[in-house]
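upload_29.pdb, holding PDB, C-alpha atoms:
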ATOM      1  CA  MET A1419      94.356 207.438 -26.620
ATOM      2  CA  SER A1420      94.551 209.494 -29.708
ATOM      3  CA  THR A1421      94.161 213.210 -29.484
ATOM      4  CA  VAL A1422      91.459 214.781 -31.538
ATOM      5  CA  SER A1423      90.366 218.079 -33.158
ATOM      6  CA  SER A1424      92.316 219.676 -35.969
ATOM      7  CA  GLY A1425      95.670 218.202 -35.045
ATOM      8  CA  HIS A1426      94.608 214.573 -35.319
ATOM      9  CA  THR A1427      97.286 212.137 -34.238
ATOM     10  CA  HIS A1428      97.023 208.371 -34.253
ATOM     11  CA  ALA A1429      97.181 206.114 -31.193
ATOM     12  CA  HIS A1430     100.730 205.116 -30.209
ATOM     13  CA  HIS A1431     100.303 201.427 -31.113
ATOM     14  CA  PHE A1432      99.695 202.280 -34.782
ATOM     15  CA  GLU A1433     102.421 203.205 -37.255
ATOM     16  CA  SER A1434     100.372 205.891 -38.941
ATOM     17  CA  SER A1435      96.843 207.279 -39.024
ATOM     18  CA  GLN A1436      96.298 205.295 -42.231
ATOM     19  CA  HIS A1437      97.283 202.139 -40.356
ATOM     20  CA  GLU A1438      94.861 203.085 -37.564
ATOM     21  CA  HIS A1439      92.050 203.704 -40.072
ATOM     22  CA  LYS A1440      92.639 200.380 -41.834
ATOM     23  CA  ALA A1441      92.650 198.446 -38.553
ATOM     24  CA  GLY A1442      89.429 200.131 -37.435
ATOM     25  CA  ILE A1443      87.572 199.463 -40.673
ATOM     26  CA  HIS A1444      88.872 195.886 -40.754
ATOM     27  CA  GLY A1445      87.337 195.393 -37.302
ATOM     28  CA  VAL A1446      84.003 196.716 -38.555
ATOM     29  CA  TRP A1447      83.990 194.242 -41.462
ATOM     30  CA  LEU A1448      84.698 191.381 -39.026
ATOM     31  CA  PHE A1449      81.791 192.564 -36.883
ATOM     32  CA  LEU A1450      79.505 192.669 -39.937
ATOM     33  CA  VAL A1451      80.372 189.004 -40.610
ATOM     34  CA  THR A1452      79.068 188.054 -37.151
ATOM     35  CA  GLU A1453      75.938 190.116 -37.831
ATOM     36  CA  ILE A1454      75.214 188.265 -41.070
ATOM     37  CA  LEU A1455      75.687 184.912 -39.367
ATOM     38  CA  MET A1456      73.387 185.934 -36.502
ATOM     39  CA  PHE A1457      70.616 186.835 -38.967
ATOM     40  CA  SER A1458      71.370 183.647 -40.946
ATOM     41  CA  GLY A1459      69.942 181.614 -38.056
ATOM     42  CA  LEU A1460      66.602 183.361 -38.477
ATOM     43  CA  PHE A1461      66.695 183.085 -42.268
ATOM     44  CA  VAL A1462      67.375 179.334 -42.044
ATOM     45  CA  ALA A1463      64.491 178.926 -39.565
ATOM     46  CA  TYR A1464      62.251 180.890 -41.935
ATOM     47  CA  ALA A1465      63.226 178.767 -44.952
ATOM     48  CA  ILE A1466      62.715 175.444 -43.173
ATOM     49  CA  PHE A1467      59.339 176.310 -41.672
ATOM     50  CA  LYS A1468      58.176 177.830 -44.942
ATOM     51  CA  GLY A1469      59.126 174.581 -46.645
ATOM     52  CA  VAL A1470      57.122 172.559 -44.131
ATOM     53  CA  TYR A1471      54.106 174.877 -43.771
ATOM     54  CA  PRO A1472      53.846 176.987 -46.955
ATOM     55  CA  GLU A1473      50.109 177.559 -46.379
ATOM     56  CA  VAL A1474      50.737 179.080 -42.942
ATOM     57  CA  PHE A1475      53.154 181.592 -44.461
ATOM     58  CA  HIS A1476      50.700 182.384 -47.205
ATOM     59  CA  GLU A1477      47.982 183.143 -44.655
ATOM     60  CA  GLY A1478      50.392 185.063 -42.441
ATOM     61  CA  HIS A1479      51.603 187.398 -45.163
ATOM     62  CA  ARG A1480      47.996 188.453 -45.860
ATOM     63  CA  TYR A1481      47.970 190.131 -42.444
ATOM     64  CA  LEU A1482      50.926 192.294 -43.470
ATOM     65  CA  ASP A1483      50.438 195.424 -45.538
ATOM     66  CA  TRP A1484      52.999 195.326 -48.349
ATOM     67  CA  ARG A1485      52.507 199.069 -48.915
ATOM     68  CA  LEU A1486      53.887 199.814 -45.434
ATOM     69  CA  GLY A1487      56.722 197.359 -46.083
ATOM     70  CA  ALA A1488      57.496 199.050 -49.406
ATOM     71  CA  LEU A1489      57.367 202.480 -47.744
ATOM     72  CA  ASN A1490      59.891 201.328 -45.156
ATOM     73  CA  THR A1491      62.072 199.887 -47.937
ATOM     74  CA  VAL A1492      62.161 203.268 -49.673
ATOM     75  CA  ILE A1493      62.854 205.059 -46.347
ATOM     76  CA  LEU A1494      65.805 202.765 -45.584
ATOM     77  CA  LEU A1495      67.228 202.968 -49.120
ATOM     78  CA  PHE A1496      67.028 206.763 -48.954
ATOM     79  CA  SER A1497      68.749 206.742 -45.550
ATOM     80  CA  SER A1498      71.538 204.623 -47.049
ATOM     81  CA  LEU A1499      71.944 207.304 -49.719
ATOM     82  CA  THR A1500      72.169 210.129 -47.160
ATOM     83  CA  MET A1501      74.611 208.078 -45.053
ATOM     84  CA  ALA A1502      76.886 207.583 -48.072
ATOM     85  CA  LEU A1503      76.537 211.288 -48.932
ATOM     86  CA  SER A1504      77.515 212.388 -45.418
ATOM     87  CA  ILE A1505      80.791 210.458 -45.683
ATOM     88  CA  HIS A1506      81.352 211.970 -49.117
ATOM     89  CA  TYR A1507      80.861 215.497 -47.737
ATOM     90  CA  ILE A1508      83.257 214.862 -44.851
ATOM     91  CA  ARG A1509      85.863 213.721 -47.361
ATOM     92  CA  VAL A1510      85.469 216.877 -49.445
ATOM     93  CA  ASN A1511      85.594 218.982 -46.242
ATOM     94  CA  LYS A1512      81.968 220.149 -46.173
ATOM     95  CA  PRO A1513      81.045 219.358 -42.547
ATOM     96  CA  LYS A1514      77.757 221.289 -42.723
ATOM     97  CA  ALA A1515      76.439 219.268 -45.663
ATOM     98  CA  ALA A1516      77.683 216.113 -43.928
ATOM     99  CA  MET A1517      75.800 217.064 -40.752
ATOM    100  CA  ILE A1518      72.546 217.682 -42.654
ATOM    101  CA  ASN A1519      72.844 214.261 -44.279
ATOM    102  CA  LEU A1520      73.558 212.563 -40.947
ATOM    103  CA  LEU A1521      70.473 214.208 -39.426
ATOM    104  CA  ILE A1522      68.313 213.155 -42.400
ATOM    105  CA  THR A1523      69.608 209.595 -41.910
ATOM    106  CA  ILE A1524      68.530 209.637 -38.249
ATOM    107  CA  ALA A1525      65.145 211.086 -39.252
ATOM    108  CA  CYS A1526      64.711 208.234 -41.762
ATOM    109  CA  GLY A1527      65.518 205.728 -39.008
ATOM    110  CA  LEU A1528      62.869 207.369 -36.840
ATOM    111  CA  GLY A1529      60.371 207.280 -39.727
ATOM    112  CA  PHE A1530      61.105 203.574 -40.214
ATOM    113  CA  MET A1531      60.461 202.874 -36.512
ATOM    114  CA  ILE A1532      57.201 204.869 -36.560
ATOM    115  CA  VAL A1533      55.911 202.813 -39.505
ATOM    116  CA  LYS A1534      57.023 199.661 -37.649
ATOM    117  CA  TYR A1535      55.163 200.867 -34.534
ATOM    118  CA  ILE A1536      51.968 201.356 -36.555
ATOM    119  CA  GLU A1537      52.353 197.859 -38.015
ATOM    120  CA  TYR A1538      53.068 196.195 -34.658
ATOM    121  CA  ASN A1539      50.122 198.005 -33.061
ATOM    122  CA  ALA A1540      47.759 196.692 -35.728
ATOM    123  CA  LYS A1541      49.035 193.126 -35.154
ATOM    124  CA  PHE A1542      48.699 193.389 -31.375
ATOM    125  CA  HIS A1543      45.198 194.807 -31.786
ATOM    126  CA  HIS A1544      44.170 191.594 -33.570
ATOM    127  CA  GLY A1545      45.919 189.340 -31.056
ATOM    128  CA  LEU A1546      48.591 188.396 -33.615
ATOM    129  CA  TYR A1547      51.354 187.904 -31.063
ATOM    130  CA  PRO A1548      54.368 185.584 -31.406
ATOM    131  CA  GLY A1549      54.306 182.010 -30.081
ATOM    132  CA  HIS A1550      52.098 181.156 -27.141
ATOM    133  CA  PHE A1551      51.087 184.814 -26.626
ATOM    134  CA  PHE A1552      49.020 184.456 -29.805
ATOM    135  CA  THR A1553      45.320 185.021 -29.029
ATOM    136  CA  ALA A1554      43.666 185.375 -32.460
ATOM    137  CA  HIS A1555      42.544 181.743 -32.603
ATOM    138  CA  GLU A1556      39.004 182.322 -33.810
ATOM    139  CA  HIS A1557      39.213 183.799 -37.297
ATOM    140  CA  ILE A1558      42.317 182.101 -38.619
ATOM    141  CA  GLU A1559      42.499 179.310 -41.189
ATOM    142  CA  HIS A1560      45.576 177.509 -39.890
ATOM    143  CA  LYS A1561      45.946 176.475 -36.292
ATOM    144  CA  ASN A1562      49.654 177.260 -36.138
ATOM    145  CA  LEU A1563      49.579 180.725 -37.656
ATOM    146  CA  ALA A1564      51.462 181.844 -34.512
ATOM    147  CA  LEU A1565      54.556 180.238 -36.100
ATOM    148  CA  PHE A1566      54.600 182.857 -38.844
ATOM    149  CA  PHE A1567      54.258 185.674 -36.338
ATOM    150  CA  SER A1568      57.005 184.251 -34.125
ATOM    151  CA  LEU A1569      59.343 184.515 -37.099
ATOM    152  CA  TYR A1570      57.922 187.874 -38.174
ATOM    153  CA  PHE A1571      58.458 189.464 -34.765
ATOM    154  CA  CYS A1572      61.888 187.887 -34.201
ATOM    155  CA  MET A1573      63.185 188.924 -37.628
ATOM    156  CA  THR A1574      61.718 192.437 -37.765
ATOM    157  CA  GLY A1575      62.310 192.927 -34.010
ATOM    158  CA  LEU A1576      66.004 192.068 -34.215
ATOM    159  CA  HIS A1577      66.243 194.251 -37.306
ATOM    160  CA  GLY A1578      64.407 197.072 -35.485
ATOM    161  CA  ILE A1579      66.898 196.875 -32.609
ATOM    162  CA  HIS A1580      69.623 197.318 -35.223
ATOM    163  CA  VAL A1581      67.871 200.388 -36.650
ATOM    164  CA  LEU A1582      67.669 201.921 -33.148
ATOM    165  CA  THR A1583      71.338 201.060 -32.510
ATOM    166  CA  GLY A1584      72.294 202.595 -35.847
ATOM    167  CA  MET A1585      70.376 205.781 -35.037
ATOM    168  CA  GLY A1586      72.248 206.034 -31.725
ATOM    169  CA  LEU A1587      75.602 205.490 -33.458
ATOM    170  CA  ILE A1588      74.834 208.086 -36.137
ATOM    171  CA  GLY A1589      73.846 210.521 -33.366
ATOM    172  CA  TRP A1590      77.192 209.818 -31.713
ATOM    173  CA  VAL A1591      79.217 210.572 -34.880
ATOM    174  CA  ALA A1592      77.031 213.652 -35.523
ATOM    175  CA  ILE A1593      77.983 215.011 -32.087
ATOM    176  CA  ARG A1594      81.647 214.273 -32.779
ATOM    177  CA  LEU A1595      81.351 215.953 -36.176
ATOM    178  CA  LYS A1596      79.892 219.037 -34.485
ATOM    179  CA  LYS A1597      82.918 219.099 -32.154
ATOM    180  CA  GLY A1598      85.123 219.167 -35.235
ATOM    181  CA  GLU A1599      86.627 215.745 -34.631
ATOM    182  CA  PHE A1600      86.360 214.622 -38.256
ATOM    183  CA  GLY A1601      88.000 215.918 -41.378
ATOM    184  CA  PRO A1602      88.892 214.811 -44.920
ATOM    185  CA  HIS A1603      91.685 212.593 -43.558
ATOM    186  CA  HIS A1604      90.180 211.246 -40.365
ATOM    187  CA  TYR A1605      86.621 209.977 -40.465
ATOM    188  CA  THR A1606      87.067 206.307 -39.460
ATOM    189  CA  ALA A1607      84.133 206.281 -37.010
ATOM    190  CA  VAL A1608      81.735 207.765 -39.585
ATOM    191  CA  GLU A1609      82.776 205.207 -42.190
ATOM    192  CA  GLY A1610      82.423 202.344 -39.685
ATOM    193  CA  VAL A1611      78.964 203.496 -38.595
ATOM    194  CA  GLY A1612      78.073 203.930 -42.274
ATOM    195  CA  LEU A1613      79.031 200.319 -43.022
ATOM    196  CA  PHE A1614      76.822 199.177 -40.132
ATOM    197  CA  TRP A1615      73.902 201.277 -41.396
ATOM    198  CA  HIS A1616      74.234 199.852 -44.923
ATOM    199  CA  LEU A1617      74.185 196.326 -43.458
ATOM    200  CA  VAL A1618      70.918 197.130 -41.664
ATOM    201  CA  ASP A1619      69.563 198.217 -45.061
ATOM    202  CA  LEU A1620      70.979 195.048 -46.656
ATOM    203  CA  ILE A1621      69.085 192.804 -44.231
ATOM    204  CA  TRP A1622      65.820 194.671 -44.811
ATOM    205  CA  ILE A1623      66.298 194.181 -48.574
ATOM    206  CA  TYR A1624      65.830 190.430 -47.895
ATOM    207  CA  LEU A1625      63.237 190.735 -45.118
ATOM    208  CA  PHE A1626      60.842 192.802 -47.217
ATOM    209  CA  PRO A1627      60.150 190.258 -50.004
ATOM    210  CA  LEU A1628      60.362 187.263 -47.644
ATOM    211  CA  LEU A1629      57.791 188.547 -45.142
ATOM    212  CA  TYR A1630      55.577 190.902 -47.154
ATOM    213  CA  LEU A1631      55.590 189.419 -50.654
ATOM    214  CA  VAL A1632      55.614 185.634 -50.143
ATOM    215  CA  SER A1633      53.051 183.902 -52.304
TER     216      SER A1633
ATOM    217  CA  MET B 840      96.974 211.130 -48.408
ATOM    218  CA  ALA B 841      95.914 209.598 -45.128
ATOM    219  CA  HIS B 842      92.847 207.515 -45.942
ATOM    220  CA  ASP B 843      92.361 208.352 -49.548
ATOM    221  CA  ALA B 844      92.764 204.905 -50.993
ATOM    222  CA  HIS B 845      90.379 205.971 -53.741
ATOM    223  CA  GLU B 846      89.879 209.301 -55.404
ATOM    224  CA  ILE B 847      86.812 211.342 -54.552
ATOM    225  CA  LYS B 848      84.204 211.554 -57.273
ATOM    226  CA  GLY B 849      80.960 213.527 -57.322
ATOM    227  CA  ILE B 850      77.711 212.451 -55.728
ATOM    228  CA  GLY B 851      76.283 211.400 -59.125
ATOM    229  CA  ILE B 852      77.190 207.758 -58.602
ATOM    230  CA  TYR B 853      75.282 207.667 -55.282
ATOM    231  CA  LEU B 854      72.166 209.151 -56.884
ATOM    232  CA  LYS B 855      72.358 206.603 -59.709
ATOM    233  CA  VAL B 856      72.727 203.776 -57.185
ATOM    234  CA  PHE B 857      69.703 205.037 -55.254
ATOM    235  CA  ALA B 858      67.616 205.292 -58.445
ATOM    236  CA  THR B 859      68.626 201.724 -59.395
ATOM    237  CA  LEU B 860      67.594 200.444 -55.946
ATOM    238  CA  ILE B 861      64.190 202.145 -56.185
ATOM    239  CA  VAL B 862      63.596 200.701 -59.670
ATOM    240  CA  LEU B 863      64.516 197.210 -58.421
ATOM    241  CA  THR B 864      62.138 197.651 -55.453
ATOM    242  CA  ILE B 865      59.292 198.550 -57.832
ATOM    243  CA  VAL B 866      60.129 195.505 -59.985
ATOM    244  CA  THR B 867      60.041 193.245 -56.877
ATOM    245  CA  VAL B 868      56.610 194.527 -55.864
ATOM    246  CA  ALA B 869      55.287 194.315 -59.457
ATOM    247  CA  VAL B 870      56.494 190.741 -59.987
ATOM    248  CA  ALA B 871      54.971 189.691 -56.646
ATOM    249  CA  GLN B 872      51.502 190.667 -57.937
ATOM    250  CA  VAL B 873      51.748 188.001 -60.657
ATOM    251  CA  ASN B 874      51.347 184.402 -59.534
ATOM    252  CA  LEU B 875      54.237 182.404 -60.977
ATOM    253  CA  GLY B 876      54.152 179.634 -58.376
ATOM    254  CA  ARG B 877      57.522 178.688 -56.978
ATOM    255  CA  LEU B 878      59.249 181.059 -59.395
ATOM    256  CA  ASN B 879      58.013 184.042 -57.370
ATOM    257  CA  THR B 880      60.286 183.348 -54.418
ATOM    258  CA  LEU B 881      63.256 182.665 -56.698
ATOM    259  CA  ILE B 882      62.774 185.915 -58.642
ATOM    260  CA  ALA B 883      62.272 187.904 -55.408
ATOM    261  CA  MET B 884      65.527 186.491 -53.993
ATOM    262  CA  LEU B 885      67.440 187.166 -57.224
ATOM    263  CA  ILE B 886      66.282 190.802 -57.251
ATOM    264  CA  ALA B 887      67.080 191.131 -53.522
ATOM    265  CA  THR B 888      70.575 189.770 -54.202
ATOM    266  CA  ALA B 889      71.032 192.243 -57.063
ATOM    267  CA  LYS B 890      70.027 195.066 -54.697
ATOM    268  CA  ALA B 891      72.336 193.735 -51.978
ATOM    269  CA  LEU B 892      75.262 193.648 -54.454
ATOM    270  CA  VAL B 893      74.573 197.229 -55.556
ATOM    271  CA  VAL B 894      74.553 198.381 -51.907
ATOM    272  CA  MET B 895      77.736 196.445 -51.117
ATOM    273  CA  ILE B 896      79.701 197.584 -54.177
ATOM    274  CA  TRP B 897      78.829 201.294 -54.256
ATOM    275  CA  PHE B 898      77.403 202.310 -50.871
ATOM    276  CA  MET B 899      79.769 200.140 -48.827
ATOM    277  CA  HIS B 900      82.600 200.910 -51.272
ATOM    278  CA  MET B 901      83.452 197.275 -51.884
ATOM    279  CA  ASN B 902      84.836 198.424 -55.261
ATOM    280  CA  HIS B 903      87.594 200.314 -53.406
ATOM    281  CA  GLU B 904      87.947 197.991 -50.421
ATOM    282  CA  SER B 905      91.112 196.013 -49.700
ATOM    283  CA  THR B 906      91.293 192.390 -50.849
ATOM    284  CA  LEU B 907      91.573 191.330 -47.208
ATOM    285  CA  ASN B 908      88.258 192.929 -46.263
ATOM    286  CA  ARG B 909      86.569 191.543 -49.374
ATOM    287  CA  ILE B 910      87.675 188.054 -48.359
ATOM    288  CA  VAL B 911      86.564 188.654 -44.758
ATOM    289  CA  PHE B 912      83.097 189.760 -45.848
ATOM    290  CA  GLY B 913      82.937 186.946 -48.412
ATOM    291  CA  THR B 914      83.486 184.347 -45.689
ATOM    292  CA  ALA B 915      80.210 185.474 -44.062
ATOM    293  CA  PHE B 916      78.326 184.339 -47.166
ATOM    294  CA  ILE B 917      80.363 181.142 -47.530
ATOM    295  CA  PHE B 918      79.564 180.156 -43.949
ATOM    296  CA  ALA B 919      75.917 181.193 -44.370
ATOM    297  CA  LEU B 920      75.763 178.892 -47.438
ATOM    298  CA  ILE B 921      77.270 176.004 -45.450
ATOM    299  CA  PHE B 922      74.691 176.710 -42.745
ATOM    300  CA  TYR B 923      71.792 176.631 -45.257
ATOM    301  CA  GLY B 924      73.230 173.774 -47.288
ATOM    302  CA  LEU B 925      73.862 171.308 -44.484
ATOM    303  CA  THR B 926      70.593 172.162 -42.733
ATOM    304  CA  PHE B 927      68.636 171.592 -45.935
ATOM    305  CA  MET B 928      70.359 168.321 -46.666
ATOM    306  CA  ASP B 929      69.256 167.196 -43.236
ATOM    307  CA  VAL B 930      65.677 168.427 -43.551
ATOM    308  CA  ASP B 931      65.287 167.321 -47.152
ATOM    309  CA  THR B 932      66.390 163.725 -46.595
ATOM    310  CA  ARG B 933      63.960 163.016 -43.767
ATOM    311  CA  ILE B 934      61.040 161.047 -45.148
ATOM    312  CA  ASN B 935      58.370 161.854 -42.622
ATOM    313  CA  LEU B 936      59.240 165.486 -42.236
ATOM    314  CA  GLN B 937      55.714 166.453 -41.274
ATOM    315  CA  ASN B 938      55.735 164.035 -38.354
ATOM    316  CA  LEU B 939      58.634 165.870 -36.789
ATOM    317  CA  PHE B 940      56.423 168.811 -36.099
ATOM    318  CA  ILE B 941      53.355 168.457 -33.940
ATOM    319  CA  ASN B 942      50.264 170.628 -34.140
ATOM    320  CA  LYS B 943      50.090 170.526 -37.945
TER     321      LYS B 943
END

Would you mind writing the file out in structure tokens?
Amino acid sequence: MSTVSSGHTHAHHFESSQHEHKAGIHGVWLFLVTEILMFSGLFVAYAIFKGVYPEVFHEGHRYLDWRLGALNTVILLFSSLTMALSIHYIRVNKPKAAMINLLITIACGLGFMIVKYIEYNAKFHHGLYPGHFFTAHEHIEHKNLALFFSLYFCMTGLHGIHVLTGMGLIGWVAIRLKKGEFGPHHYTAVEGVGLFWHLVDLIWIYLFPLLYLVS
Amino acid sequence: MAHDAHEIKGIGIYLKVFATLIVLTIVTVAVAQVNLGRLNTLIAMLIATAKALVVMIWFMHMNHESTLNRIVFGTAFIFALIFYGLTFMDVDTRINLQNLFINK
């Protein structure tokens, strides 16, 4: 175990703290690769079913409010900005400014989930559930509209779980920052969490047009 | 110094990146209001990819990242392309695609 606080020393199996940092960040990049491939499965499913049933996707997207989707896009992009800023402030030794930016990032994550909750509630209210839970059979044009909502809930649900995870991780680094565990030369955990948070943003960048703006 | 592989610049670059992402989001929404047929999806994906690149290069600091990590992250997209490519070849070359799926 490495010791922390002002006198940061690296773990004994690393040559230097730079070596430790590089190994840690390398691990995060490898993890992000698995994340992209996990989401790829859903994107491939989306593309194939959209190719087979374009009219179902067209009907499905009319039940989504693009304004809420756009609002969430702006919230996530802003949170990516504050995440990047918090790392910047740690590097220039301004822990207070870094903390404020971390807290804003968590607040943005919360805002995103609240908007998502409002959206999900509206869908559930109309019986627009995924798969065989779907009950809105009366007013729909296409019999298999449930297909669209299966994909919608799987894609946004998995993404939502990532937002919640990211919020937890940012909370964790915020607590460690408060304890004085990070400084201009040791902030590996913050950078790793930041990379994860940007990936969550990256996935939403594709989900937004695919689900809310399909024509 | 310890982790300072790249020098620290001001926050200006981050604000510019954010502004660019917002502009691209507005463009995506605006283009989606115009019916261009199949082009719509293509344009939406191109803009999304532009946004993704901006996030990767400046927010994720790909511009200062080691070659090793660039290659690692690049493999994710190569394998995703293989995944899409081979699946589409399969789907696309089936004649009675519609018959594969019941409840049409």

Inset, instruction - Go through A:Ile1532, A:Ala1502, A:Ala1607, A:Leu1495 one by one, measure the shortest atom-to-atom distance of each to B:Ala891 using only C-alpha atoms, and give the residue with the smallest value. - result: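 Between A:Ile1532, A:Ala1502, A:Ala1607, A:Leu1495, the residue approaching B:Ala891 most closely is A:Leu1495.
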
Legend entry - Exercise: B:Arg877 partners within 12 Å, all atoms listed in the file, chain neighbours under 3 positions left out, as a list in words: Gly1469, Pro1472, Val1632 and Ser1633 of chain A; Ala871, Val873, Asn874, Thr880, Leu881, Ile882, Ala883 and Met884 of chain B

Inset, instruction - Please measure the separation of atom CA of B:Val862 and atom CA of A:Trp1615, giving the value in Å to one decimal. - result: 21.0 Å

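Across the chains present, the PyMOL selection byres ((chain A and resi 1474) around 10) applied to this file returns Phe1467, Lys1468, Val1470, Tyr1471, Pro1472, Glu1473, Phe1475, His1476, Glu1477, Gly1478, His1479, Ile1558, Glu1559, His1560, Lys1561, Asn1562, Leu1563, Ala1564, Leu1565, Phe1566 and Phe1567 of chain A; Lys943 of chain B.
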
Inset, instruction - Give the residues of chain B that lie within 8 Å of chain A; count all atoms listed in the file, and format the answer as a count of residues only. - result: 46

Inset, instruction - Can you work out the spacing between atom CA of B:Asn902 and atom CA of B:Leu920 in Å, to one decimal? - result: 22.9 Å

Legend entry - Atomic distance atom CA of A:Leu1520 - atom CA of A:Ile1588, expressed in Å with one decimal: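 Rounded to one decimal, the two atoms are 6.7 Å apart.
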
Legend entry - Among listed residues B:Ala889, B:Gly924, B:Lys848, B:Leu875, nearest B:Leu863 (using only C-alpha atoms):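 Under the stated criterion, the closest residue is B:Ala889.
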
Inset, instruction - Just say which residues the PyMOL selection byres ((chain A and resi 1542) around 12) picks in this file, as a PyMOL selection string. - result: chain A and resi 1481+1535-1541+1543-1548+1551-1554+1567+1571

Inset, instruction - Give as JSON, numbers by chain every residue, naming chains and numbers as the document does, that has an atom within 6 Å of (68.2, 205.5, -39.5), counting all atoms listed in the file. - result: {"A": [1523, 1524, 1526, 1527, 1581, 1585]}
